[in-house]
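Here is the structure we will look at, set down as structure tokens.
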Amino acid sequence: MVHLWRQSRFIAAFAAIYVVWGSTYLAVALGLKSLPPLLLMGVRTAVAGVILFGFVQLRRPGLVSASTWGWASLSGVLLFAGCHGVLAYAQQHVPTGLAAVMLATIPFWIVVINFLRPADSRPGAMSLIGLLPGLVGVAFIAWQGGAANGGAIDPVIVLLLLASAFSWATGSVVSQRQGSATPAIDFAAMQLLSGGVVLLLLSLWTGDWEAVTIDDISAVSWAALAYLVVAGSLIAFTAYIWLLDHAPAPLVATYTFVNPVIAVALGWLFLGEELSWPFLVGFALVVGAVVVVWRVDRTAAPKRSPERQPAARLHQDSERLPTASRS
């Protein structure tokens with residue numbers, strides 16, 4: 001029964017990052033119709049952070065150490081300002097599917113970053129090999145995405161998208177290595193708050209706040225913003241942080257191969273973006289890569305050493321200081 005419950009949690013968490021995050025590219029495109037990019041992402045992230053942090057304080061009131069806040073802030077800025085903010089800006093110039101394709105390079109950045117870790121914790125060569133069919137698959141989808149755009153894509157936008165992928169990969173590695181001693185939902189709340197504050201400050205600095213008024217925001221953009229806050233941030237991001245603590249990072253990052261499939265399909269259905277045979281070829285390769293990496297990491301992932309578990313629990317107990325009163 002316990003095994004079934006644990007398995008169902010994994011399935012639900014992967015469904016969130018696979019399907020929900022795949023649909024957020026469409027939501028961002030709809031939100032951008034009447035909201036500037038940094039303001040859209042800043043409100044999305046900050047509101048989700050306030051809601052989640054309030055929920056955490058209701059469940060476990062108390063203070064968190066400065067060290068934990070520091071790591072959460074660092075990873076939150078990398079994940080949301082460095083990735084989501086840049087991604088939203090780029091989505092003004094490229095189709096949703098192509099943006100998702102460029103973010104599919106995240107697993108490779110994670111593997112490269114993890115190769116800098118000690119030898120006993122480096123990813124195996126089979127993990128990298130298993131990702132290669134997915135790279136070929138997203139190349140097919142990128143080909144179709146470029147055709148839908150009607151011409152060559154600005155190299156600067158491509159570089160920005162690659163930089164946003166690298167930023168997300170770096171933030172994910174920081175989250176995995178530093179967040180395991182803190183409950184996933186607590187760490188996610190701090191990351192959302194930190195990233196949201198930085199995005200709002202950046203949007204103020206760039207003049208996004210002056211470029212739009214409440215009356216200018218359409219009902220579609222309001223609905224897209226609500227979806228991004230609840231589904232994209234509160235549900236999917238919390239699931240993502242939980243998975244980083246319970247599954248190998250390259251396996252978790254396979255969502256970046258599924259997201260383009262969903263993004264391209266939704267872009268075709270709702271935004272009129274073209275859909276052709278390269279998408280079907282890419283879909284087959286994407287699914288194959290997910291299956292290969294899943295099987296490789298299930299059999300080859302190193303287990304957490306017994307001596308690390310008590311240390312993590314002790315660290316978790318010491319990180320949260322009790323408040324003056326607790327009912």
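Ligands are numbered from 1 in the order shown, residues from 1 within each chain, and chains are lettered A, B, ... in the order they appear in the structure tokens.
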If you run DSSP on this backbone, which residues of segment 37-270 of chain A come out as helix (DSSP H, G or I), and could you give them as a PyMOL selection string? chain A and resi 37-59+66-90+96-103+106-114+119-121+125-148+155-178+184-205+209-211+214-216+219-246+249-252+255-270
Quick one: residues within 7 Å of segment 34-50 of chain A, only C-alpha atoms, excluding same-chain residues fewer than 3 positions away - as a ChimeraX atom specification? /A:31,53-54,84-85,88-89,189-190,192-193,195-197,199-200,203,208-209,212,216-218,221,225,228-229,233-234
Which of these, A:Ser167, A:Thr213, A:Ser175, A:Thr238, has the shortest distance to Gly82 of chain A once you count only C-alpha atoms? A:Ser167
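Among A:Ala224, A:Leu30, A:Leu74, A:Ile235, the residue with the shortest atom-to-atom distance to Ser194 of chain A, counting only C-alpha atoms, is A:Leu74.
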Go through A:Ala249, A:Leu285, A:Ala188, A:Leu26 one by one, measure the shortest atom-to-atom distance of each to Val112 of chain A using only C-alpha atoms, and give the residue with the smallest value. A:Ala249
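Candidate residues A:Thr105, A:Ser164, A:Ser23, A:Gln191 were compared for distance to Ala263 of chain A, and the nearest is A:Ser23, using only C-alpha atoms.
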